[in-house]
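With compact mmCIF, N, CA and C atoms inside, this is coords33.txt:
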```txt
# COMPACT_ATOMS: atom_id res chain seq x y z
N MET C 1 -8.68 -19.27 28.69
CA MET C 1 -9.21 -18.80 27.44
C MET C 1 -10.28 -17.76 27.74
N VAL C 2 -10.36 -16.77 26.87
CA VAL C 2 -11.36 -15.74 27.07
C VAL C 2 -12.11 -15.49 25.78
N THR C 3 -13.31 -15.02 25.93
CA THR C 3 -14.03 -14.48 24.79
C THR C 3 -14.22 -13.02 25.12
N ALA C 4 -14.04 -12.19 24.15
CA ALA C 4 -14.07 -10.77 24.44
C ALA C 4 -14.82 -10.03 23.35
N PRO C 5 -15.38 -8.88 23.69
CA PRO C 5 -16.10 -8.08 22.70
C PRO C 5 -15.13 -7.32 21.81
N ILE C 6 -14.18 -8.03 21.22
CA ILE C 6 -13.19 -7.40 20.36
C ILE C 6 -13.37 -7.84 18.93
N LEU C 7 -14.51 -8.43 18.67
CA LEU C 7 -14.78 -8.90 17.33
C LEU C 7 -15.16 -7.76 16.40
N GLN C 8 -15.28 -6.55 16.94
CA GLN C 8 -15.57 -5.41 16.09
C GLN C 8 -14.34 -5.00 15.30
N SER C 9 -13.20 -5.57 15.59
CA SER C 9 -11.98 -5.29 14.85
C SER C 9 -12.20 -5.57 13.38
N GLY C 10 -11.58 -4.80 12.51
CA GLY C 10 -11.72 -5.00 11.08
C GLY C 10 -10.92 -6.17 10.55
N ILE C 11 -10.19 -6.85 11.39
CA ILE C 11 -9.35 -7.97 10.97
C ILE C 11 -10.14 -9.25 11.18
N GLU C 12 -10.43 -9.93 10.09
CA GLU C 12 -11.24 -11.14 10.19
C GLU C 12 -10.41 -12.34 10.59
N VAL C 13 -10.82 -12.98 11.67
CA VAL C 13 -10.22 -14.24 12.09
C VAL C 13 -11.33 -15.13 12.63
N THR C 14 -11.16 -16.41 12.45
CA THR C 14 -12.07 -17.38 13.03
C THR C 14 -11.32 -18.01 14.19
N VAL C 15 -11.62 -17.57 15.41
CA VAL C 15 -10.89 -18.09 16.56
C VAL C 15 -11.40 -19.48 16.90
N PRO C 16 -10.54 -20.29 17.51
CA PRO C 16 -10.96 -21.65 17.89
C PRO C 16 -12.11 -21.61 18.90
N LYS C 17 -12.84 -22.71 18.95
CA LYS C 17 -13.94 -22.85 19.91
C LYS C 17 -13.48 -23.75 21.05
N THR C 18 -13.80 -23.33 22.27
CA THR C 18 -13.42 -24.10 23.44
C THR C 18 -14.59 -24.15 24.42
N ARG C 19 -14.52 -25.08 25.35
CA ARG C 19 -15.55 -25.17 26.39
C ARG C 19 -15.29 -24.21 27.53
N THR C 20 -14.01 -23.99 27.84
CA THR C 20 -13.65 -23.10 28.94
C THR C 20 -13.47 -21.70 28.39
N VAL C 21 -14.45 -20.86 28.65
CA VAL C 21 -14.43 -19.49 28.14
C VAL C 21 -14.90 -18.57 29.24
N LYS C 22 -14.17 -17.50 29.45
CA LYS C 22 -14.55 -16.48 30.42
C LYS C 22 -14.76 -15.19 29.64
N GLU C 23 -15.93 -14.58 29.80
CA GLU C 23 -16.20 -13.35 29.07
C GLU C 23 -15.53 -12.18 29.75
N ILE C 24 -14.85 -11.39 28.95
CA ILE C 24 -14.15 -10.21 29.45
C ILE C 24 -14.84 -8.99 28.86
N THR C 25 -15.10 -8.01 29.70
CA THR C 25 -15.80 -6.83 29.21
C THR C 25 -14.91 -5.59 29.10
N GLU C 26 -13.80 -5.55 29.83
CA GLU C 26 -12.96 -4.37 29.75
C GLU C 26 -12.10 -4.40 28.48
N GLU C 27 -11.77 -3.22 28.00
CA GLU C 27 -10.99 -3.12 26.77
C GLU C 27 -9.52 -3.39 27.06
N ARG C 28 -8.91 -4.18 26.23
CA ARG C 28 -7.49 -4.51 26.35
C ARG C 28 -6.84 -4.41 24.98
N THR C 29 -5.52 -4.39 24.96
CA THR C 29 -4.79 -4.38 23.71
C THR C 29 -4.85 -5.78 23.09
N VAL C 30 -5.10 -5.84 21.79
CA VAL C 30 -5.27 -7.12 21.12
C VAL C 30 -4.19 -7.31 20.06
N ILE C 31 -3.59 -8.48 20.10
CA ILE C 31 -2.64 -8.90 19.07
C ILE C 31 -3.39 -9.93 18.25
N THR C 32 -3.44 -9.74 16.94
CA THR C 32 -4.17 -10.65 16.06
C THR C 32 -3.22 -11.29 15.06
N ILE C 33 -3.42 -12.59 14.84
CA ILE C 33 -2.70 -13.30 13.79
C ILE C 33 -3.78 -13.79 12.83
N ASN C 34 -3.78 -13.25 11.60
CA ASN C 34 -4.83 -13.65 10.67
C ASN C 34 -4.44 -14.94 9.95
N LYS C 35 -5.35 -15.44 9.11
CA LYS C 35 -5.12 -16.73 8.45
C LYS C 35 -3.90 -16.70 7.53
N ASP C 36 -3.47 -15.51 7.10
CA ASP C 36 -2.27 -15.38 6.28
C ASP C 36 -1.01 -15.22 7.12
N GLN C 37 -1.15 -15.36 8.43
CA GLN C 37 -0.08 -15.26 9.42
C GLN C 37 0.49 -13.86 9.53
N ARG C 38 -0.30 -12.85 9.14
CA ARG C 38 0.10 -11.46 9.37
C ARG C 38 -0.26 -11.11 10.80
N VAL C 39 0.59 -10.30 11.43
CA VAL C 39 0.41 -9.94 12.84
C VAL C 39 -0.02 -8.48 12.93
N PHE C 40 -0.99 -8.23 13.81
CA PHE C 40 -1.53 -6.89 14.00
C PHE C 40 -1.53 -6.55 15.48
N LEU C 41 -1.24 -5.31 15.79
CA LEU C 41 -1.40 -4.79 17.15
C LEU C 41 -2.54 -3.80 17.06
N GLY C 42 -3.65 -4.14 17.70
CA GLY C 42 -4.88 -3.38 17.46
C GLY C 42 -5.30 -3.64 16.03
N ASN C 43 -5.50 -2.60 15.26
CA ASN C 43 -5.86 -2.75 13.84
C ASN C 43 -4.68 -2.48 12.91
N ASP C 44 -3.49 -2.28 13.49
CA ASP C 44 -2.33 -1.92 12.68
C ASP C 44 -1.41 -3.11 12.47
N ALA C 45 -1.05 -3.35 11.20
CA ALA C 45 -0.08 -4.41 10.89
C ALA C 45 1.23 -4.08 11.58
N ILE C 46 1.91 -5.12 12.05
CA ILE C 46 3.16 -4.92 12.78
C ILE C 46 4.19 -5.96 12.35
N ASN C 47 5.43 -5.54 12.27
CA ASN C 47 6.53 -6.46 12.02
C ASN C 47 6.86 -7.12 13.34
N ILE C 48 6.90 -8.43 13.36
CA ILE C 48 7.12 -9.15 14.62
C ILE C 48 8.44 -8.75 15.28
N ASN C 49 9.42 -8.31 14.49
CA ASN C 49 10.70 -7.88 15.05
C ASN C 49 10.59 -6.53 15.75
N GLN C 50 9.49 -5.82 15.53
CA GLN C 50 9.28 -4.51 16.15
C GLN C 50 8.24 -4.55 17.27
N ILE C 51 7.88 -5.76 17.67
CA ILE C 51 6.77 -5.91 18.62
C ILE C 51 7.08 -5.29 19.99
N ALA C 52 8.30 -5.43 20.48
CA ALA C 52 8.65 -4.88 21.80
C ALA C 52 8.54 -3.36 21.80
N ALA C 53 9.05 -2.71 20.75
CA ALA C 53 8.97 -1.25 20.67
C ALA C 53 7.53 -0.79 20.57
N SER C 54 6.72 -1.53 19.83
CA SER C 54 5.30 -1.18 19.70
C SER C 54 4.58 -1.32 21.03
N PHE C 55 4.90 -2.36 21.79
CA PHE C 55 4.28 -2.54 23.11
C PHE C 55 4.63 -1.37 24.01
N ALA C 56 5.88 -0.95 23.97
CA ALA C 56 6.30 0.16 24.82
C ALA C 56 5.51 1.42 24.49
N ARG C 57 5.26 1.67 23.21
CA ARG C 57 4.51 2.86 22.79
C ARG C 57 3.04 2.76 23.17
N ASN C 58 2.48 1.55 23.15
CA ASN C 58 1.04 1.38 23.36
C ASN C 58 0.66 1.05 24.79
N SER C 59 1.62 0.82 25.65
CA SER C 59 1.32 0.41 27.02
C SER C 59 0.76 1.57 27.83
N ARG C 60 -0.38 1.31 28.49
CA ARG C 60 -1.01 2.33 29.32
C ARG C 60 -0.78 2.07 30.80
N SER C 61 -0.21 0.93 31.13
CA SER C 61 0.03 0.62 32.53
C SER C 61 1.36 -0.09 32.69
N SER C 62 1.81 -0.21 33.92
CA SER C 62 3.11 -0.85 34.16
C SER C 62 3.04 -2.36 33.96
N GLN C 63 1.85 -2.96 34.12
CA GLN C 63 1.67 -4.39 33.89
C GLN C 63 0.49 -4.59 32.94
N PRO C 64 0.72 -4.30 31.65
CA PRO C 64 -0.39 -4.38 30.69
C PRO C 64 -0.88 -5.81 30.49
N VAL C 65 -2.14 -5.91 30.11
CA VAL C 65 -2.76 -7.19 29.79
C VAL C 65 -3.04 -7.19 28.29
N TYR C 66 -2.66 -8.26 27.63
CA TYR C 66 -2.87 -8.37 26.20
C TYR C 66 -3.72 -9.60 25.89
N PHE C 67 -4.50 -9.49 24.82
CA PHE C 67 -5.23 -10.63 24.28
C PHE C 67 -4.57 -11.03 22.97
N ILE C 68 -4.47 -12.31 22.74
CA ILE C 68 -4.03 -12.79 21.43
C ILE C 68 -5.20 -13.52 20.81
N ARG C 69 -5.58 -13.08 19.61
CA ARG C 69 -6.59 -13.80 18.85
C ARG C 69 -5.93 -14.26 17.57
N ALA C 70 -5.97 -15.55 17.36
CA ALA C 70 -5.34 -16.14 16.18
C ALA C 70 -6.37 -16.95 15.43
N ASP C 71 -6.33 -16.86 14.12
CA ASP C 71 -7.22 -17.67 13.31
C ASP C 71 -6.96 -19.14 13.61
N GLU C 72 -8.02 -19.93 13.64
CA GLU C 72 -7.88 -21.35 13.99
C GLU C 72 -7.02 -22.13 12.99
N ASN C 73 -6.78 -21.57 11.81
CA ASN C 73 -5.96 -22.25 10.81
C ASN C 73 -4.49 -21.83 10.83
N VAL C 74 -4.13 -20.95 11.75
CA VAL C 74 -2.73 -20.53 11.88
C VAL C 74 -1.93 -21.71 12.45
N PRO C 75 -0.82 -22.07 11.81
CA PRO C 75 0.00 -23.16 12.35
C PRO C 75 0.53 -22.83 13.74
N PHE C 76 0.66 -23.85 14.56
CA PHE C 76 1.12 -23.62 15.93
C PHE C 76 2.48 -22.93 15.95
N GLY C 77 3.34 -23.23 15.00
CA GLY C 77 4.66 -22.60 14.95
C GLY C 77 4.57 -21.10 14.83
N ALA C 78 3.65 -20.61 14.02
CA ALA C 78 3.47 -19.16 13.87
C ALA C 78 2.95 -18.55 15.16
N PHE C 79 1.99 -19.23 15.78
CA PHE C 79 1.45 -18.76 17.06
C PHE C 79 2.56 -18.72 18.11
N ALA C 80 3.37 -19.78 18.17
CA ALA C 80 4.45 -19.86 19.16
C ALA C 80 5.48 -18.76 18.94
N THR C 81 5.76 -18.42 17.69
CA THR C 81 6.71 -17.35 17.39
C THR C 81 6.21 -16.02 17.91
N VAL C 82 4.93 -15.75 17.72
CA VAL C 82 4.34 -14.49 18.23
C VAL C 82 4.36 -14.50 19.76
N MET C 83 3.97 -15.61 20.37
CA MET C 83 3.98 -15.69 21.84
C MET C 83 5.40 -15.46 22.37
N ASP C 84 6.39 -16.03 21.71
CA ASP C 84 7.78 -15.84 22.13
C ASP C 84 8.18 -14.37 22.04
N ALA C 85 7.80 -13.70 20.95
CA ALA C 85 8.12 -12.28 20.81
C ALA C 85 7.45 -11.46 21.91
N VAL C 86 6.22 -11.82 22.26
CA VAL C 86 5.50 -11.13 23.33
C VAL C 86 6.24 -11.33 24.65
N LYS C 87 6.59 -12.56 24.96
CA LYS C 87 7.29 -12.87 26.22
C LYS C 87 8.66 -12.20 26.25
N GLN C 88 9.37 -12.19 25.12
CA GLN C 88 10.69 -11.56 25.06
C GLN C 88 10.62 -10.05 25.29
N SER C 89 9.46 -9.46 25.00
CA SER C 89 9.30 -8.02 25.21
C SER C 89 8.96 -7.69 26.65
N GLY C 90 8.82 -8.73 27.49
CA GLY C 90 8.55 -8.49 28.91
C GLY C 90 7.08 -8.59 29.29
N ILE C 91 6.22 -8.85 28.35
CA ILE C 91 4.79 -8.99 28.64
C ILE C 91 4.53 -10.39 29.18
N THR C 92 3.94 -10.46 30.35
CA THR C 92 3.68 -11.77 30.96
C THR C 92 2.19 -12.06 31.12
N ASN C 93 1.35 -11.05 31.01
CA ASN C 93 -0.09 -11.24 31.20
C ASN C 93 -0.78 -11.28 29.84
N VAL C 94 -0.90 -12.48 29.29
CA VAL C 94 -1.46 -12.68 27.96
C VAL C 94 -2.58 -13.71 28.05
N SER C 95 -3.73 -13.41 27.46
CA SER C 95 -4.84 -14.36 27.39
C SER C 95 -5.13 -14.67 25.94
N ILE C 96 -5.58 -15.88 25.68
CA ILE C 96 -5.90 -16.32 24.33
C ILE C 96 -7.41 -16.20 24.13
N VAL C 97 -7.81 -15.56 23.04
CA VAL C 97 -9.22 -15.37 22.74
C VAL C 97 -9.76 -16.58 21.99
N THR C 98 -10.86 -17.13 22.49
CA THR C 98 -11.58 -18.21 21.82
C THR C 98 -13.06 -17.83 21.82
N GLN C 99 -13.86 -18.68 21.23
CA GLN C 99 -15.30 -18.48 21.34
C GLN C 99 -15.91 -19.75 21.88
N PRO C 100 -17.07 -19.63 22.52
CA PRO C 100 -17.68 -20.81 23.14
C PRO C 100 -18.12 -21.84 22.11
N LEU C 101 -17.98 -23.11 22.50
CA LEU C 101 -18.53 -24.19 21.69
C LEU C 101 -20.04 -24.10 21.68
N GLU C 102 -20.63 -24.49 20.59
CA GLU C 102 -22.09 -24.56 20.56
C GLU C 102 -22.52 -25.82 21.26
N GLU C 103 -23.58 -25.71 22.05
CA GLU C 103 -24.10 -26.88 22.76
C GLU C 103 -25.45 -27.25 22.20
N ASN C 104 -25.60 -28.51 21.86
CA ASN C 104 -26.87 -29.04 21.33
C ASN C 104 -27.37 -28.23 20.14
N GLY C 105 -26.44 -27.77 19.31
CA GLY C 105 -26.82 -27.05 18.10
C GLY C 105 -27.23 -25.61 18.32
N ALA C 106 -27.23 -25.15 19.54
CA ALA C 106 -27.60 -23.76 19.83
C ALA C 106 -26.43 -23.06 20.50
N LYS C 107 -26.28 -21.79 20.18
CA LYS C 107 -25.21 -21.02 20.81
C LYS C 107 -25.59 -20.68 22.23
N ARG C 108 -24.56 -20.58 23.08
CA ARG C 108 -24.79 -20.18 24.46
C ARG C 108 -25.11 -18.72 24.53
```

Could I get this structure in the form of structure tokens?
Amino acid sequence: MVTAPILQSGIEVTVPKTRTVKEITEERTVITINKDQRVFLGNDAININQIAASFARNSRSSQPVYFIRADENVPFGAFATVMDAVKQSGITNVSIVTQPLEENGAKR
């Protein structure tokens, strides 16, 4: 799980909180699933059936790294469908964005 400085995106999601979080500072392509289960690549809405073609257009390297940030209220089935589309498009390096749990009432 990673936490990343990608919260500046205009797409509001409340990502799950986890204890295992690694902060990432480099910019990566972000796939977002909002609470309405709409899928975005960067800030652009995307049809899940067109995800492979969109990845091909947006890829800057031969082995791109993607982040998936999903609202914590998104059903697992919706998340799994997006992950499957990502894997079917040949993308294998995917990290899930979370935020750190608060400890003792204070944020880390």

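Residue nearest Ser95 of chain C, chosen from C:Gly77, C:Ala45, C:Phe67, C:Ser54 and counting only N, CA and C atoms: C:Phe67.
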
Next on the checklist: Can you pull out the residues contacting segment 40-44 of chain C? Cut-off 6.5 Å, using only N, CA and C atoms, and skip same-chain residues under 4 positions away; I want them as a PyMOL selection string.
Outcome noted: chain C and resi 10-11+29-34

Checklist entry - Suppose you want the space between atom N of Lys22 of chain C and atom N of Phe55 of chain C; what is it in Å? => result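 Between these atoms lies a distance of 25.5 Å.
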
Item to check | Atom-to-atom span, atom C of Arg19 of chain C and atom CA of Arg38 of chain C, Å | outcome: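 These two atoms are separated by 27.0 Å.
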
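The space separating atom C of Arg69 of chain C from atom C of Val82 of chain C comes to 10.5 Å.
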
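DSSP, applied to the backbone of this structure, assigns alpha helix (DSSP H) to the following residues of segment 8-70 of chain C: Ile51, Ala52, Ala53, Ser54, Phe55, Ala56, Arg57 and Asn58 of chain C.
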
Checklist entry - So which residues touch Asn73 of chain C within 12 Å, counting only C-alpha atoms, skipping near sequence neighbours fewer than 5 positions away, as number ranges by chain? => result C: 13-16, 33-37, 78-79

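When DSSP is run on the backbone, the residues of segment 4-104 of chain C that fall into strand (DSSP E) are Lys17, Thr18, Lys22, Glu23, Thr29, Val30, Ile31, Thr32, Ile33, Val39, Phe40, Leu41, Asp44, Ala45, Val65, Tyr66, Phe67, Ile68, Arg69, Ala70, Asn93, Val94, Ser95, Ile96, Gln99 and Pro100 of chain C.
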
Just to be explicit: take each residue in the selection above, keep N, CA and C atoms, and write the result as a PDB file, keeping the file's coordinate frame.
```pdb
ATOM      1  N   LYS C  17     -12.840 -22.710  18.950  1.00  0.00           N
ATOM      2  CA  LYS C  17     -13.940 -22.850  19.910  1.00  0.00           C
ATOM      3  C   LYS C  17     -13.480 -23.750  21.050  1.00  0.00           C
ATOM      4  N   THR C  18     -13.800 -23.330  22.270  1.00  0.00           N
ATOM      5  CA  THR C  18     -13.420 -24.100  23.440  1.00  0.00           C
ATOM      6  C   THR C  18     -14.590 -24.150  24.420  1.00  0.00           C
ATOM      7  N   LYS C  22     -14.170 -17.500  29.450  1.00  0.00           N
ATOM      8  CA  LYS C  22     -14.550 -16.480  30.420  1.00  0.00           C
ATOM      9  C   LYS C  22     -14.760 -15.190  29.640  1.00  0.00           C
ATOM     10  N   GLU C  23     -15.930 -14.580  29.800  1.00  0.00           N
ATOM     11  CA  GLU C  23     -16.200 -13.350  29.070  1.00  0.00           C
ATOM     12  C   GLU C  23     -15.530 -12.180  29.750  1.00  0.00           C
ATOM     13  N   THR C  29      -5.520  -4.390  24.960  1.00  0.00           N
ATOM     14  CA  THR C  29      -4.790  -4.380  23.710  1.00  0.00           C
ATOM     15  C   THR C  29      -4.850  -5.780  23.090  1.00  0.00           C
ATOM     16  N   VAL C  30      -5.100  -5.840  21.790  1.00  0.00           N
ATOM     17  CA  VAL C  30      -5.270  -7.120  21.120  1.00  0.00           C
ATOM     18  C   VAL C  30      -4.190  -7.310  20.060  1.00  0.00           C
ATOM     19  N   ILE C  31      -3.590  -8.480  20.100  1.00  0.00           N
ATOM     20  CA  ILE C  31      -2.640  -8.900  19.070  1.00  0.00           C
ATOM     21  C   ILE C  31      -3.390  -9.930  18.250  1.00  0.00           C
ATOM     22  N   THR C  32      -3.440  -9.740  16.940  1.00  0.00           N
ATOM     23  CA  THR C  32      -4.170 -10.650  16.060  1.00  0.00           C
ATOM     24  C   THR C  32      -3.220 -11.290  15.060  1.00  0.00           C
ATOM     25  N   ILE C  33      -3.420 -12.590  14.840  1.00  0.00           N
ATOM     26  CA  ILE C  33      -2.700 -13.300  13.790  1.00  0.00           C
ATOM     27  C   ILE C  33      -3.780 -13.790  12.830  1.00  0.00           C
ATOM     28  N   VAL C  39       0.590 -10.300  11.430  1.00  0.00           N
ATOM     29  CA  VAL C  39       0.410  -9.940  12.840  1.00  0.00           C
ATOM     30  C   VAL C  39      -0.020  -8.480  12.930  1.00  0.00           C
ATOM     31  N   PHE C  40      -0.990  -8.230  13.810  1.00  0.00           N
ATOM     32  CA  PHE C  40      -1.530  -6.890  14.000  1.00  0.00           C
ATOM     33  C   PHE C  40      -1.530  -6.550  15.480  1.00  0.00           C
ATOM     34  N   LEU C  41      -1.240  -5.310  15.790  1.00  0.00           N
ATOM     35  CA  LEU C  41      -1.400  -4.790  17.150  1.00  0.00           C
ATOM     36  C   LEU C  41      -2.540  -3.800  17.060  1.00  0.00           C
ATOM     37  N   ASP C  44      -3.490  -2.280  13.490  1.00  0.00           N
ATOM     38  CA  ASP C  44      -2.330  -1.920  12.680  1.00  0.00           C
ATOM     39  C   ASP C  44      -1.410  -3.110  12.470  1.00  0.00           C
ATOM     40  N   ALA C  45      -1.050  -3.350  11.200  1.00  0.00           N
ATOM     41  CA  ALA C  45      -0.080  -4.410  10.890  1.00  0.00           C
ATOM     42  C   ALA C  45       1.230  -4.080  11.580  1.00  0.00           C
ATOM     43  N   VAL C  65      -2.140  -5.910  30.110  1.00  0.00           N
ATOM     44  CA  VAL C  65      -2.760  -7.190  29.790  1.00  0.00           C
ATOM     45  C   VAL C  65      -3.040  -7.190  28.290  1.00  0.00           C
ATOM     46  N   TYR C  66      -2.660  -8.260  27.630  1.00  0.00           N
ATOM     47  CA  TYR C  66      -2.870  -8.370  26.200  1.00  0.00           C
ATOM     48  C   TYR C  66      -3.720  -9.600  25.890  1.00  0.00           C
ATOM     49  N   PHE C  67      -4.500  -9.490  24.820  1.00  0.00           N
ATOM     50  CA  PHE C  67      -5.230 -10.630  24.280  1.00  0.00           C
ATOM     51  C   PHE C  67      -4.570 -11.030  22.970  1.00  0.00           C
ATOM     52  N   ILE C  68      -4.470 -12.310  22.740  1.00  0.00           N
ATOM     53  CA  ILE C  68      -4.030 -12.790  21.430  1.00  0.00           C
ATOM     54  C   ILE C  68      -5.200 -13.520  20.810  1.00  0.00           C
ATOM     55  N   ARG C  69      -5.580 -13.080  19.610  1.00  0.00           N
ATOM     56  CA  ARG C  69      -6.590 -13.800  18.850  1.00  0.00           C
ATOM     57  C   ARG C  69      -5.930 -14.260  17.570  1.00  0.00           C
ATOM     58  N   ALA C  70      -5.970 -15.550  17.360  1.00  0.00           N
ATOM     59  CA  ALA C  70      -5.340 -16.140  16.180  1.00  0.00           C
ATOM     60  C   ALA C  70      -6.370 -16.950  15.430  1.00  0.00           C
ATOM     61  N   ASN C  93       1.350 -11.050  31.010  1.00  0.00           N
ATOM     62  CA  ASN C  93      -0.090 -11.240  31.200  1.00  0.00           C
ATOM     63  C   ASN C  93      -0.780 -11.280  29.840  1.00  0.00           C
ATOM     64  N   VAL C  94      -0.900 -12.480  29.290  1.00  0.00           N
ATOM     65  CA  VAL C  94      -1.460 -12.680  27.960  1.00  0.00           C
ATOM     66  C   VAL C  94      -2.580 -13.710  28.050  1.00  0.00           C
ATOM     67  N   SER C  95      -3.730 -13.410  27.460  1.00  0.00           N
ATOM     68  CA  SER C  95      -4.840 -14.360  27.390  1.00  0.00           C
ATOM     69  C   SER C  95      -5.130 -14.670  25.940  1.00  0.00           C
ATOM     70  N   ILE C  96      -5.580 -15.880  25.680  1.00  0.00           N
ATOM     71  CA  ILE C  96      -5.900 -16.320  24.330  1.00  0.00           C
ATOM     72  C   ILE C  96      -7.410 -16.200  24.130  1.00  0.00           C
ATOM     73  N   GLN C  99     -13.860 -18.680  21.230  1.00  0.00           N
ATOM     74  CA  GLN C  99     -15.300 -18.480  21.340  1.00  0.00           C
ATOM     75  C   GLN C  99     -15.910 -19.750  21.880  1.00  0.00           C
ATOM     76  N   PRO C 100     -17.070 -19.630  22.520  1.00  0.00           N
ATOM     77  CA  PRO C 100     -17.680 -20.810  23.140  1.00  0.00           C
ATOM     78  C   PRO C 100     -18.120 -21.840  22.110  1.00  0.00           C
TER      79      PRO C 100
END
```

Item to check | Non-local contacts of Val94 of chain C (8 Å; only C-alpha atoms; under 4 positions in same chain excluded) as an NGL selection string | outcome: :C and (65-68)

Assuming the input is short of atoms at segment 35-42 of chain C, produce all heavy atoms for that part as a compact mmCIF listing (two decimals), keeping the file's coordinate frame.
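Wrote out_26.txt, looks like this:
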```txt
# COMPACT_ATOMS: atom_id res chain seq x y z
N LYS C 35 -5.35 -15.44 9.11
CA LYS C 35 -5.12 -16.73 8.45
C LYS C 35 -3.90 -16.70 7.53
O LYS C 35 -3.34 -17.75 7.23
CB LYS C 35 -6.36 -17.18 7.70
CG LYS C 35 -6.75 -16.28 6.55
CD LYS C 35 -8.01 -16.77 5.89
CE LYS C 35 -8.40 -15.78 4.79
NZ LYS C 35 -9.65 -16.15 4.17
N ASP C 36 -3.47 -15.51 7.10
CA ASP C 36 -2.27 -15.38 6.28
C ASP C 36 -1.01 -15.22 7.12
O ASP C 36 0.06 -14.93 6.58
CB ASP C 36 -2.42 -14.19 5.33
CG ASP C 36 -3.60 -14.34 4.39
OD1 ASP C 36 -3.85 -15.48 3.93
OD2 ASP C 36 -4.29 -13.34 4.14
N GLN C 37 -1.15 -15.36 8.43
CA GLN C 37 -0.08 -15.26 9.42
C GLN C 37 0.49 -13.86 9.53
O GLN C 37 1.61 -13.67 10.00
CB GLN C 37 1.03 -16.28 9.13
CG GLN C 37 0.54 -17.71 9.17
CD GLN C 37 1.61 -18.71 8.86
OE1 GLN C 37 2.75 -18.57 9.31
NE2 GLN C 37 1.26 -19.74 8.11
N ARG C 38 -0.30 -12.85 9.14
CA ARG C 38 0.10 -11.46 9.37
C ARG C 38 -0.26 -11.11 10.80
O ARG C 38 -1.28 -11.55 11.33
CB ARG C 38 -0.61 -10.53 8.40
CG ARG C 38 -0.12 -10.75 6.96
CD ARG C 38 -0.62 -9.71 6.00
NE ARG C 38 -0.14 -8.39 6.39
CZ ARG C 38 -0.78 -7.27 6.12
NH1 ARG C 38 -1.91 -7.28 5.45
NH2 ARG C 38 -0.30 -6.10 6.51
N VAL C 39 0.59 -10.30 11.43
CA VAL C 39 0.41 -9.94 12.84
C VAL C 39 -0.02 -8.48 12.93
O VAL C 39 0.52 -7.62 12.23
CB VAL C 39 1.71 -10.18 13.63
CG1 VAL C 39 1.54 -9.80 15.09
CG2 VAL C 39 2.16 -11.63 13.49
N PHE C 40 -0.99 -8.23 13.81
CA PHE C 40 -1.53 -6.89 14.00
C PHE C 40 -1.53 -6.55 15.48
O PHE C 40 -1.79 -7.41 16.32
CB PHE C 40 -2.98 -6.82 13.50
CG PHE C 40 -3.13 -7.09 12.04
CD1 PHE C 40 -3.20 -8.39 11.57
CD2 PHE C 40 -3.21 -6.05 11.13
CE1 PHE C 40 -3.33 -8.66 10.22
CE2 PHE C 40 -3.35 -6.30 9.77
CZ PHE C 40 -3.42 -7.61 9.31
N LEU C 41 -1.24 -5.31 15.79
CA LEU C 41 -1.40 -4.79 17.15
C LEU C 41 -2.54 -3.80 17.06
O LEU C 41 -2.45 -2.78 16.36
CB LEU C 41 -0.12 -4.11 17.62
CG LEU C 41 -0.14 -3.56 19.04
CD1 LEU C 41 -0.41 -4.67 20.05
CD2 LEU C 41 1.16 -2.86 19.37
N GLY C 42 -3.65 -4.14 17.70
CA GLY C 42 -4.88 -3.38 17.46
C GLY C 42 -5.30 -3.64 16.03
O GLY C 42 -5.39 -4.79 15.60
```
